[in-house]
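All remarks here apply to the structure that follows.
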Amino acid sequence: MAKDKILSAKLKQQEFKTKSTQLKTQKIAQLLEPQFQQSVEIDDERPLLKISNFKDYLPEENVQNIINLKLKQGPYKLSVTPQTTYLAGESGHIAAFNWRHKQLECEFDVKEKCYDIVSIAQRNFAVAQKSCIFIYDPKGVEVHKIRECKQATKLEYLPYHFLLAALNQNGQLTYQDITQGKIISTYRTTPSPLCLKQNHNNAILGIGDQMGVVRMYAPNTGTSLTSMLCHKGGLMSMTFSRDGNHLITSGSEGTIKVWDLRTQKLQSQIGVNATNLALSDKGVLAAGRGTDIVMWKNCLIGDLKTPYLRYKASSMICDIDFIKHEDYLSMSTFDSYEQTVVPESGEPFFDTYEQPDLQNKKQRLETNVKQLIEKLPPESISLQSYRIGTIDRTSKIIIEKEQKKQIEEQANKKIKKQKKKMRGRNKIGKREKLKELERDQKQQVKWQEMLSDALRVKRAEKEKKKIETKLLDRLEQMSSKEFIRVVS
Amino acid sequence: MVKFNTICRSGQERSTNADITKVYRNPNPKVHPLAHAREYQRALVATKVEKIYAQPFLGALNGHSDGVSCIEACRFNLSKLVSGSYDGEIRIWDIPSRRTLVQLNAHQQMVKGVSFSRDGMRIVSSGEDKTINLYDFPQLLEQSNNTFQDPLMRYLSKGTLGNVDHNYQLSQFATAGQVVQVWDYERPKPIMKFQWGVDSVSCVRYSPADSNLICGTSMDRCVILYDVRAESAIHKVAMLNKSQCLAWNPIEPLNIVIGNDDSNCYTYDIRKIELPTMIHKDHISAVMSVAFSSSGREFVSGSFDRTIRIFPFNKGFSREVYHGQRMQQVNSVSFSGDAQFVYSGSNDMNIRIWKVNASQKVGIINQRETNATNYRQALKEKFKYNPEIKRIAKHRHLPKYLMNKKKQRQEMKESKNRKQRNAELNNPGQYEAPKPEKQQRIEQFIQ
């Protein structure tokens with residue numbers, strides 16, 4: 001009893017400490033909030049709908065970041081970070097430039113079809129090309145050629161696990177560890193995948209297919225963890241919210257639906273057709289179709305009735321994405337790259353240790369090393385990421401069973417070698433005889449199994465025959481008239 | 001009037017290189033994805049790194065030509081250590097430079113005990129040749145070349161002598177032996193003698209709080225508490241095996257730790273000496289010497305099985321075990337004054353210096369490093385019950401003979417428990433539960 005008192009007192013103290021430090025840090029964070037935001041006032045009473053309405057009132061820095069770049073070669077795929085944009089054109093034009101400082105980092109032509117581009121650790125980027133996946137330096141130098149995943153059309157990068165996930169047109173999903181180059185797992189998902197997106201909170205991948213079903217995958221299991229039937233038509237695109245609690249999907253039958261992932265139930269929906277979806281830090285949803293983009297504010301909390309902003313691009317939109325911790329929406333179209341201002345869409349207060357893109361050079365070098373040291377094992381990916389480090393509440397019986405299984409497996413793995421006896425007579429002939437005996441025993445076991453299988457098959461056949469003979473007997477017993485009646 | 005905010009990060013870069021780089025933090029968990037998994041990974045890495053950097057052995061002081069029987073670190077000066085050996089030689093060492101400062105041929109036979117006085121001015125040593133030498137420390141250092149220096153005073157004892165311990169306050173010291181004797185600097189004969197029974201006392205220690213209390217361990221397997229003012233013993237408790245050594249807890253001076261021949265250390269409260277408050281079990285062989293750190297939270301024990309172990313004062317199992325390939329039976333251990341180092345004197349004529357925290361960096365550590373180590377320590381504390389991390393943190397490499405002995409002991413313990421359980425199950429009415437272990441170790445308590 002005394003032990004419990006001491007333990008309970010210690011736990012109480014610990015809880016009190018953690019709570020008080022949490023409050024303190026929040027207070028300090030509030031006091032030290034840096035002035036990242038500028039407030040803008042407009043005399044107009046109308047709601048903001050077009051950027052031309054409020055462009056004149058914006059601070060200069062935001063106006064400078066409104067970009068419209070004309071490009072030539074084919075529809076472009078996009079990947080944006082808070083510093084750089086990576087563009088991959090379908091005919092092989094690949095470019096990376098720093099949109100903040102308006103500097104070109106690299107630009108080259110690959111001369112084959114590019115399906116997807118994604119930015120990887122330490123400012124490298126991976127391009128899914130027709131032949132295989134290539135990884136490039138920030139300067140554009142080809143660093144790796146990944147042959148294992150064939151004809152990947154979609155890429156996703158899990159930053160904390162250093163895993164590159166590649167999805168095939170046939171539905172083959174491969175996870176590859178970038179630090180070691182090892183393939184963690186590869187398996188078939190759905191025969192007709194349409195979109196691949198990552199839940200940043202969980203490191204779980206969601207794949208949507210032509211049946212309108214969204215399935216969640218992790219590297220451990222070869223099958224989906226959960227699946228949700230979202231739409232009547234095919235799933236055109238989807239995004240997860242930043243805290244991993246919501247999923248927004250758009251279907252080809254013309255609806256956008258907001259799902260609550262914890263209960264897997266529909267929260268709200270709107271009848272708008274959208275081929276591309278993007279969700280910002282603060283919950284601004286952008287839906288693109290053709291050349292138009294419509295944006296809703298507070299889509300996770302409220303309903304999607306009144307749009308917040310509208311934007312018209314210069315040509316057909318291929319890919320849209322919000323930039324993290326910024327108020328910009330970037331999009332790549334058939335022949336241009338564009339960026340607009342979407343006020344109050346980004347989270348202004350970032351954490352320096354979480355965003356290597358917003359650090360200076362020395363800080364970045366430190367984080368490169370630290371990230372590698374803290375690389376998470378792929379086995380830890382699960383739907384409930386908060387359970388790691390907590391008490392395992394499964395019953396004792398199940399835990400004991402698992403432990404027994406593990407011990408058995410290990411024992412089976414160990415191959416027992418015949419010991420070479422040195423003392424006494426150790427003739428070669430005897431050793432060989434013992435070896436033969438072992439082999440014979442193994443074969444006997446095999447044959448017995450085969451026999452028992454054969455016996456089973458025979459027995460099944462016999463029973464079938466019995467039933468058949470019984471029928472025949474009955475038919476014989478029946479008189480011919482009854483027989484004719486039965487037949488007709 | 002429509003009002004909205006936009007993000008502008010233009011003024012955030014520093015103006016000159018001399019400016020500090022600002023670091024922005026957001027404690028909102030939305031900005032920290034996968035926080036639990038990453039924290040767990042950091043804790044795992046921290047325990048592994050601790051194991052990689054665990055290099056506790058710092059160095060050895062060699063020079064003695066026979067086994068080291070007793071050592072004591074100076075309480076006044078962190079860099080001085082005095083040691084006595086089997087051939088009657090006493091050496092005073094300077095630890096940072098690993099050199100002998102003074103070498104003395106103090107006794108004809110084995111040196112049984114050495115002790116510094118509280119202010120570090122005097123050294124007392126007792127030998128098997130029934131003499132006690134009192135040296136003046138500064139004088140010794142002056143004439144360090146002379147190995148035949150005369151002691152300030154030499155006392156002759158009638159009976160054989162055990163170890164010696166200097167009084168914390170007065171110019172007195174107490175010796176163990178056939179009879180426990182208390183000596184004064186000025187008197188050639190002991191001012192007080194304690195005797196209870198016919199057996200000799202092997203180890204004697206003054207209490208750090210009250211210099212009128214002396215505790216001793218005797219050859220008839222007893223632990224005895226003496227009172228100087230009343231000139232008699234207060235009470236004693238007899239155990240199953242005899243004890244070799246004793247140490248008082250400097251921060252909680254009501255508790256003593258004794259090292260027993262049955263390879264356990266026992267913590268007693270002197271007010272209630274009938275039952276031990278804690279049994280510290282981890283050694284394989286007899287415990288030869290115990291010493292407390294000045295923080296009172298840990299004590300070190302050196303034993304006959306060639307290892308030294310560091311125990312927390314309130315836990316039953318050791319936190320750390322140190323062993324060396326060449327280290328033989330450890331005769332005496334001592335903590336340094338700042339509780340950062342442990343000294344062990346052993347039969348192989350060497351005194352070894354060990355770190356108390358095996359993975360701690362020795363030297364000046366700057367503020368950022370201490371913050372990082374504190375964070376890592378907190379992480380390890382948080383996840384210490386997790387099986388993966390617990391297995392790594394608990395793992396210590398032990399030499400083969402120790403591992404085998406340990407396994408044997410565990411088997412014996414398990415079989416004993418199994419037999420008890422079976423007896424209990426199969427003889428429902430007749431089975432008598434055995435006494436709790438703490439009671440088992442005590443034979444009787446005498447006033």
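Chains: A, B, ... in order of the structure tokens. Residues: from 1 per chain. Ligands: from 1, in order shown.
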Would you pick out the contacts of Lys48 (chain B) at 9 Å or less, using only C-alpha atoms, so that residues sharing its chain but fewer than 6 positions from it are not included, and give the list as a short mmCIF file (atom, residue, chain, number, x, y, z; two decimals) with C-alpha atoms, in the first residue's frame?
data_model
loop_
_atom_site.label_atom_id
_atom_site.label_comp_id
_atom_site.auth_asym_id
_atom_site.auth_seq_id
_atom_site.Cartn_x
_atom_site.Cartn_y
_atom_site.Cartn_z
CA ILE B 389 14.16 0.78 -24.26
CA ILE B 392 18.80 -1.64 -23.93
CA ALA B 393 19.19 0.45 -20.77
#
If you take only C-alpha atoms and a cut-off of 9 Å, which residues of chain B touch chain A, and what are their nearest atom pairs and distances in Å to one decimal, in chain and number order, as a tab-separated table?
residue	atom	partner	partner_atom	distance
B:Met1	CA	A:Asp43	CA	4.8
B:Val2	CA	A:Ile42	CA	5.3
B:Lys3	CA	A:Glu41	CA	4.6
B:Phe4	CA	A:Val40	CA	5.5
B:Asn5	CA	A:Ser39	CA	4.2
B:Thr6	CA	A:Pro343	CA	5.2
B:Ile7	CA	A:Gln37	CA	4.5
B:Cys8	CA	A:Phe36	CA	5.5
B:Arg9	CA	A:Phe36	CA	5.7
B:Ser10	CA	A:Glu61	CA	7.1
B:Gly11	CA	A:Phe36	CA	8.6
B:Gln12	CA	A:Phe36	CA	8.4
B:Thr21	CA	A:Asn360	CA	8.4
B:Lys22	CA	A:Thr352	CA	8.9
B:Val23	CA	A:Thr352	CA	5.8
B:Tyr24	CA	A:Thr352	CA	5.4
B:Arg25	CA	A:Asp351	CA	4.4
B:Asn26	CA	A:Asp351	CA	5.1
B:Pro27	CA	A:Gln26	CA	6.6
B:Asn28	CA	A:Gln26	CA	8.4
B:Pro29	CA	A:Asp243	CA	8.4
B:Lys30	CA	A:Asp243	CA	5.5
B:Val31	CA	A:Asp351	CA	7.2
B:His32	CA	A:Glu354	CA	7.0
B:Pro33	CA	A:Asn201	CA	4.9
B:Leu34	CA	A:Asn201	CA	5.8
B:Ala35	CA	A:Tyr386	CA	7.9
B:His36	CA	A:Tyr386	CA	5.7
B:Ala37	CA	A:Ile388	CA	5.9
B:Arg38	CA	A:Leu376	CA	6.7
B:Glu39	CA	A:Gly389	CA	8.7
B:Tyr40	CA	A:Gly389	CA	6.4
B:Gln41	CA	A:Glu374	CA	6.0
B:Arg42	CA	A:Glu374	CA	6.0
B:Val45	CA	A:Glu374	CA	7.4
B:Phe383	CA	A:Gly389	CA	6.9
B:Asn386	CA	A:Gly389	CA	7.0
Expected file: the selected residues, C-alpha atoms, as a JSON list (two decimals), in the first residue's frame:
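The new file again.json reads:
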[["chain", "number", "residue", "atom", "x", "y", "z"],
["B", 1, "MET", "CA", -15.34, 47.63, -44.10],
["B", 2, "VAL", "CA", -13.71, 44.32, -44.84],
["B", 3, "LYS", "CA", -10.68, 43.47, -42.79],
["B", 4, "PHE", "CA", -8.29, 40.58, -43.30],
["B", 5, "ASN", "CA", -4.70, 39.59, -42.54],
["B", 6, "THR", "CA", -1.96, 38.45, -44.88],
["B", 7, "ILE", "CA", 1.37, 36.88, -44.05],
["B", 8, "CYS", "CA", 4.45, 38.99, -44.65],
["B", 9, "ARG", "CA", 7.82, 37.54, -43.76],
["B", 10, "SER", "CA", 10.00, 40.27, -45.17],
["B", 11, "GLY", "CA", 11.51, 41.73, -42.01],
["B", 12, "GLN", "CA", 12.55, 38.45, -40.43],
["B", 21, "THR", "CA", 19.38, 34.01, -35.61],
["B", 22, "LYS", "CA", 15.86, 34.01, -34.27],
["B", 23, "VAL", "CA", 14.14, 30.72, -33.54],
["B", 24, "TYR", "CA", 10.35, 30.61, -33.61],
["B", 25, "ARG", "CA", 8.39, 27.98, -31.73],
["B", 26, "ASN", "CA", 4.75, 26.99, -32.00],
["B", 27, "PRO", "CA", 3.59, 24.57, -29.30],
["B", 28, "ASN", "CA", 0.36, 23.77, -31.19],
["B", 29, "PRO", "CA", 0.37, 20.00, -31.86],
["B", 30, "LYS", "CA", -1.05, 20.62, -35.35],
["B", 31, "VAL", "CA", 2.38, 21.89, -36.39],
["B", 32, "HIS", "CA", 4.15, 18.82, -34.97],
["B", 33, "PRO", "CA", 2.98, 15.74, -36.86],
["B", 34, "LEU", "CA", 3.83, 12.24, -35.60],
["B", 35, "ALA", "CA", 4.97, 13.75, -32.29],
["B", 36, "HIS", "CA", 4.63, 10.54, -30.26],
["B", 37, "ALA", "CA", 6.57, 8.38, -32.68],
["B", 38, "ARG", "CA", 9.35, 10.91, -33.02],
["B", 39, "GLU", "CA", 9.69, 11.38, -29.29],
["B", 40, "TYR", "CA", 9.87, 7.64, -28.80],
["B", 41, "GLN", "CA", 12.52, 7.40, -31.48],
["B", 42, "ARG", "CA", 14.52, 10.13, -29.78],
["B", 45, "VAL", "CA", 18.40, 6.89, -29.81],
["B", 383, "PHE", "CA", 10.06, 5.90, -21.71],
["B", 386, "ASN", "CA", 8.94, 0.54, -22.54]]
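Across the structure, CA of Ser285 (chain B) and CA of Thr217 (chain B) are spaced 18.2 Å apart.
Those residues that approach Ser211 (chain B) to within 8 Å, counting only C-alpha atoms, are Asn167, Tyr168, Gln169, Tyr206 and Ser207 of chain B; same-chain residues fewer than 4 positions away are not listed.
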List as JSON, numbers by chain the protein and nucleic acid residues near Phe57 (chain B), meaning an atom at most 7 Å away when only C-alpha atoms are counted, but skip any in the same chain fewer than 3 places from it.
{"B": [353, 354, 355]}
Compare A:Ile66, A:Val141, A:Leu78, A:Leu372 by their minimum atom-to-atom distance to Ile320 (chain A), counting only C-alpha atoms, and give me the closest one.
A:Leu78
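The gap separating CA of Thr307 (chain B) from CA of Leu78 (chain B) is 24.3 Å, in Å to one decimal.
Of the residues in region 393-427 of chain A, those that DSSP places in helix (DSSP H, G or I) on the basis of the backbone are A:Lys396, A:Ile397, A:Ile398, A:Ile399, A:Glu400, A:Lys401, A:Glu402, A:Gln403, A:Lys404, A:Lys405, A:Gln406, A:Ile407, A:Glu408, A:Glu409, A:Gln410, A:Ala411, A:Asn412, A:Lys413.
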If you keep N, CA, C and O atoms, can you produce a file of those selected residues as a PDB file, in the first residue's frame?
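Output file part-v3.pdb follows:
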ATOM      1  N   LYS A 396      -3.669 -10.056 -21.204  1.00  0.00           N
ATOM      2  CA  LYS A 396      -2.426 -10.796 -20.960  1.00  0.00           C
ATOM      3  C   LYS A 396      -2.350 -12.048 -21.821  1.00  0.00           C
ATOM      4  O   LYS A 396      -1.286 -12.435 -22.300  1.00  0.00           O
ATOM      5  N   ILE A 397      -3.511 -12.684 -22.039  1.00  0.00           N
ATOM      6  CA  ILE A 397      -3.520 -13.956 -22.776  1.00  0.00           C
ATOM      7  C   ILE A 397      -2.991 -13.750 -24.183  1.00  0.00           C
ATOM      8  O   ILE A 397      -2.176 -14.521 -24.688  1.00  0.00           O
ATOM      9  N   ILE A 398      -3.455 -12.663 -24.817  1.00  0.00           N
ATOM     10  CA  ILE A 398      -3.040 -12.410 -26.203  1.00  0.00           C
ATOM     11  C   ILE A 398      -1.550 -12.119 -26.270  1.00  0.00           C
ATOM     12  O   ILE A 398      -0.832 -12.601 -27.156  1.00  0.00           O
ATOM     13  N   ILE A 399      -1.059 -11.344 -25.279  1.00  0.00           N
ATOM     14  CA  ILE A 399       0.371 -11.015 -25.284  1.00  0.00           C
ATOM     15  C   ILE A 399       1.195 -12.282 -25.120  1.00  0.00           C
ATOM     16  O   ILE A 399       2.208 -12.489 -25.805  1.00  0.00           O
ATOM     17  N   GLU A 400       0.744 -13.169 -24.214  1.00  0.00           N
ATOM     18  CA  GLU A 400       1.504 -14.415 -24.008  1.00  0.00           C
ATOM     19  C   GLU A 400       1.520 -15.256 -25.276  1.00  0.00           C
ATOM     20  O   GLU A 400       2.546 -15.841 -25.634  1.00  0.00           O
ATOM     21  N   LYS A 401       0.365 -15.314 -25.942  1.00  0.00           N
ATOM     22  CA  LYS A 401       0.309 -16.089 -27.205  1.00  0.00           C
ATOM     23  C   LYS A 401       1.320 -15.570 -28.205  1.00  0.00           C
ATOM     24  O   LYS A 401       2.066 -16.331 -28.831  1.00  0.00           O
ATOM     25  N   GLU A 402       1.344 -14.227 -28.357  1.00  0.00           N
ATOM     26  CA  GLU A 402       2.273 -13.646 -29.338  1.00  0.00           C
ATOM     27  C   GLU A 402       3.707 -13.965 -28.982  1.00  0.00           C
ATOM     28  O   GLU A 402       4.530 -14.279 -29.837  1.00  0.00           O
ATOM     29  N   GLN A 403       4.014 -13.876 -27.678  1.00  0.00           N
ATOM     30  CA  GLN A 403       5.389 -14.156 -27.265  1.00  0.00           C
ATOM     31  C   GLN A 403       5.760 -15.600 -27.578  1.00  0.00           C
ATOM     32  O   GLN A 403       6.858 -15.893 -28.066  1.00  0.00           O
ATOM     33  N   LYS A 404       4.816 -16.517 -27.316  1.00  0.00           N
ATOM     34  CA  LYS A 404       5.085 -17.931 -27.615  1.00  0.00           C
ATOM     35  C   LYS A 404       5.376 -18.131 -29.085  1.00  0.00           C
ATOM     36  O   LYS A 404       6.323 -18.825 -29.471  1.00  0.00           O
ATOM     37  N   LYS A 405       4.546 -17.469 -29.904  1.00  0.00           N
ATOM     38  CA  LYS A 405       4.752 -17.586 -31.354  1.00  0.00           C
ATOM     39  C   LYS A 405       6.135 -17.145 -31.749  1.00  0.00           C
ATOM     40  O   LYS A 405       6.836 -17.790 -32.535  1.00  0.00           O
ATOM     41  N   GLN A 406       6.555 -15.978 -31.174  1.00  0.00           N
ATOM     42  CA  GLN A 406       7.878 -15.453 -31.517  1.00  0.00           C
ATOM     43  C   GLN A 406       8.972 -16.430 -31.160  1.00  0.00           C
ATOM     44  O   GLN A 406       9.892 -16.694 -31.936  1.00  0.00           O
ATOM     45  N   ILE A 407       8.853 -17.011 -29.945  1.00  0.00           N
ATOM     46  CA  ILE A 407       9.887 -17.951 -29.502  1.00  0.00           C
ATOM     47  C   ILE A 407       9.923 -19.159 -30.431  1.00  0.00           C
ATOM     48  O   ILE A 407      10.991 -19.634 -30.824  1.00  0.00           O
ATOM     49  N   GLU A 408       8.714 -19.635 -30.805  1.00  0.00           N
ATOM     50  CA  GLU A 408       8.671 -20.800 -31.701  1.00  0.00           C
ATOM     51  C   GLU A 408       9.332 -20.488 -33.030  1.00  0.00           C
ATOM     52  O   GLU A 408      10.101 -21.289 -33.561  1.00  0.00           O
ATOM     53  N   GLU A 409       8.997 -19.299 -33.553  1.00  0.00           N
ATOM     54  CA  GLU A 409       9.588 -18.939 -34.856  1.00  0.00           C
ATOM     55  C   GLU A 409      11.098 -18.923 -34.786  1.00  0.00           C
ATOM     56  O   GLU A 409      11.802 -19.417 -35.663  1.00  0.00           O
ATOM     57  N   GLN A 410      11.608 -18.311 -33.702  1.00  0.00           N
ATOM     58  CA  GLN A 410      13.061 -18.230 -33.577  1.00  0.00           C
ATOM     59  C   GLN A 410      13.677 -19.611 -33.480  1.00  0.00           C
ATOM     60  O   GLN A 410      14.724 -19.898 -34.068  1.00  0.00           O
ATOM     61  N   ALA A 411      12.988 -20.495 -32.706  1.00  0.00           N
ATOM     62  CA  ALA A 411      13.536 -21.843 -32.548  1.00  0.00           C
ATOM     63  C   ALA A 411      13.554 -22.574 -33.881  1.00  0.00           C
ATOM     64  O   ALA A 411      14.500 -23.298 -34.188  1.00  0.00           O
ATOM     65  N   ASN A 412      12.491 -22.347 -34.698  1.00  0.00           N
ATOM     66  CA  ASN A 412      12.464 -23.026 -35.992  1.00  0.00           C
ATOM     67  C   ASN A 412      13.541 -22.514 -36.919  1.00  0.00           C
ATOM     68  O   ASN A 412      14.068 -23.247 -37.748  1.00  0.00           O
ATOM     69  N   LYS A 413      13.871 -21.235 -36.746  1.00  0.00           N
ATOM     70  CA  LYS A 413      14.872 -20.674 -37.650  1.00  0.00           C
ATOM     71  C   LYS A 413      16.233 -21.313 -37.436  1.00  0.00           C
ATOM     72  O   LYS A 413      16.990 -21.527 -38.361  1.00  0.00           O
TER      73      LYS A 413
END
Considering only C-alpha atoms, return as a ChimeraX atom specification whatever protein or nucleic-acid residues lie within 12 Å of region 410-415 of chain B, sequence-local ones (same chain, fewer than 6 positions apart) excluded.
/B:281-282,284,403-404,421-422
With N, CA, C and O atoms retained, export the selected residues as a PDB file, in the first residue's frame.
ATOM      1  N   LYS B 281      20.634  -6.539  -3.357  1.00  0.00           N
ATOM      2  CA  LYS B 281      21.158  -7.836  -3.790  1.00  0.00           C
ATOM      3  C   LYS B 281      21.708  -7.715  -5.173  1.00  0.00           C
ATOM      4  O   LYS B 281      20.978  -7.412  -6.084  1.00  0.00           O
ATOM      5  N   ASP B 282      22.933  -7.904  -5.391  1.00  0.00           N
ATOM      6  CA  ASP B 282      23.386  -8.067  -6.779  1.00  0.00           C
ATOM      7  C   ASP B 282      24.752  -8.713  -6.869  1.00  0.00           C
ATOM      8  O   ASP B 282      25.130  -9.197  -7.921  1.00  0.00           O
ATOM      9  N   ILE B 284      27.872 -11.372  -6.152  1.00  0.00           N
ATOM     10  CA  ILE B 284      27.947 -12.830  -6.179  1.00  0.00           C
ATOM     11  C   ILE B 284      28.732 -13.352  -4.990  1.00  0.00           C
ATOM     12  O   ILE B 284      28.520 -14.446  -4.521  1.00  0.00           O
ATOM     13  N   MET B 403      28.320 -14.123 -15.263  1.00  0.00           N
ATOM     14  CA  MET B 403      27.050 -14.463 -15.918  1.00  0.00           C
ATOM     15  C   MET B 403      26.601 -15.849 -15.490  1.00  0.00           C
ATOM     16  O   MET B 403      25.432 -16.072 -15.186  1.00  0.00           O
ATOM     17  N   ASN B 404      27.544 -16.790 -15.482  1.00  0.00           N
ATOM     18  CA  ASN B 404      27.166 -18.163 -15.114  1.00  0.00           C
ATOM     19  C   ASN B 404      26.665 -18.246 -13.694  1.00  0.00           C
ATOM     20  O   ASN B 404      25.636 -18.862 -13.402  1.00  0.00           O
ATOM     21  N   ARG B 421       5.506 -22.614  -3.775  1.00  0.00           N
ATOM     22  CA  ARG B 421       4.158 -22.512  -4.340  1.00  0.00           C
ATOM     23  C   ARG B 421       3.492 -23.874  -4.383  1.00  0.00           C
ATOM     24  O   ARG B 421       2.311 -24.029  -4.035  1.00  0.00           O
ATOM     25  N   ASN B 422       4.272 -24.882  -4.812  1.00  0.00           N
ATOM     26  CA  ASN B 422       3.687 -26.228  -4.891  1.00  0.00           C
ATOM     27  C   ASN B 422       3.294 -26.714  -3.524  1.00  0.00           C
ATOM     28  O   ASN B 422       2.230 -27.318  -3.346  1.00  0.00           O
TER      29      ASN B 422
END
If you run DSSP on the backbone here, which positions in region 220-406 of chain A get strand (DSSP E)? Please write them as JSON, numbers by chain.
{"A": [227, 228, 229, 235, 236, 237, 238, 239, 240, 246, 247, 248, 249, 250, 251, 256, 257, 258, 259, 260, 265, 266, 267, 268, 269, 270, 276, 277, 278, 279, 285, 286, 287, 288, 289, 292, 293, 294, 295, 296, 309, 310, 311, 312, 317, 318, 319, 320, 321, 322, 328, 329, 330, 331, 332, 333, 336, 337, 338, 339, 340, 341]}
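In this structure, CA of Leu58 (chain B) sits 7.7 Å away from CA of Arg352 (chain B).
If only C-alpha atoms are the atoms counted, then among B:Ile310, B:Ala358, B:Ile90, B:Met327 the closest residue to Pro399 (chain B) is B:Met327.
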Need to verify the contact set: Val237 (chain B), 6 Å, only C-alpha atoms, exclusion of same-chain residues closer than 4 positions in sequence. Can you return it as a ChimeraX atom specification?
/B:222-223,444-445
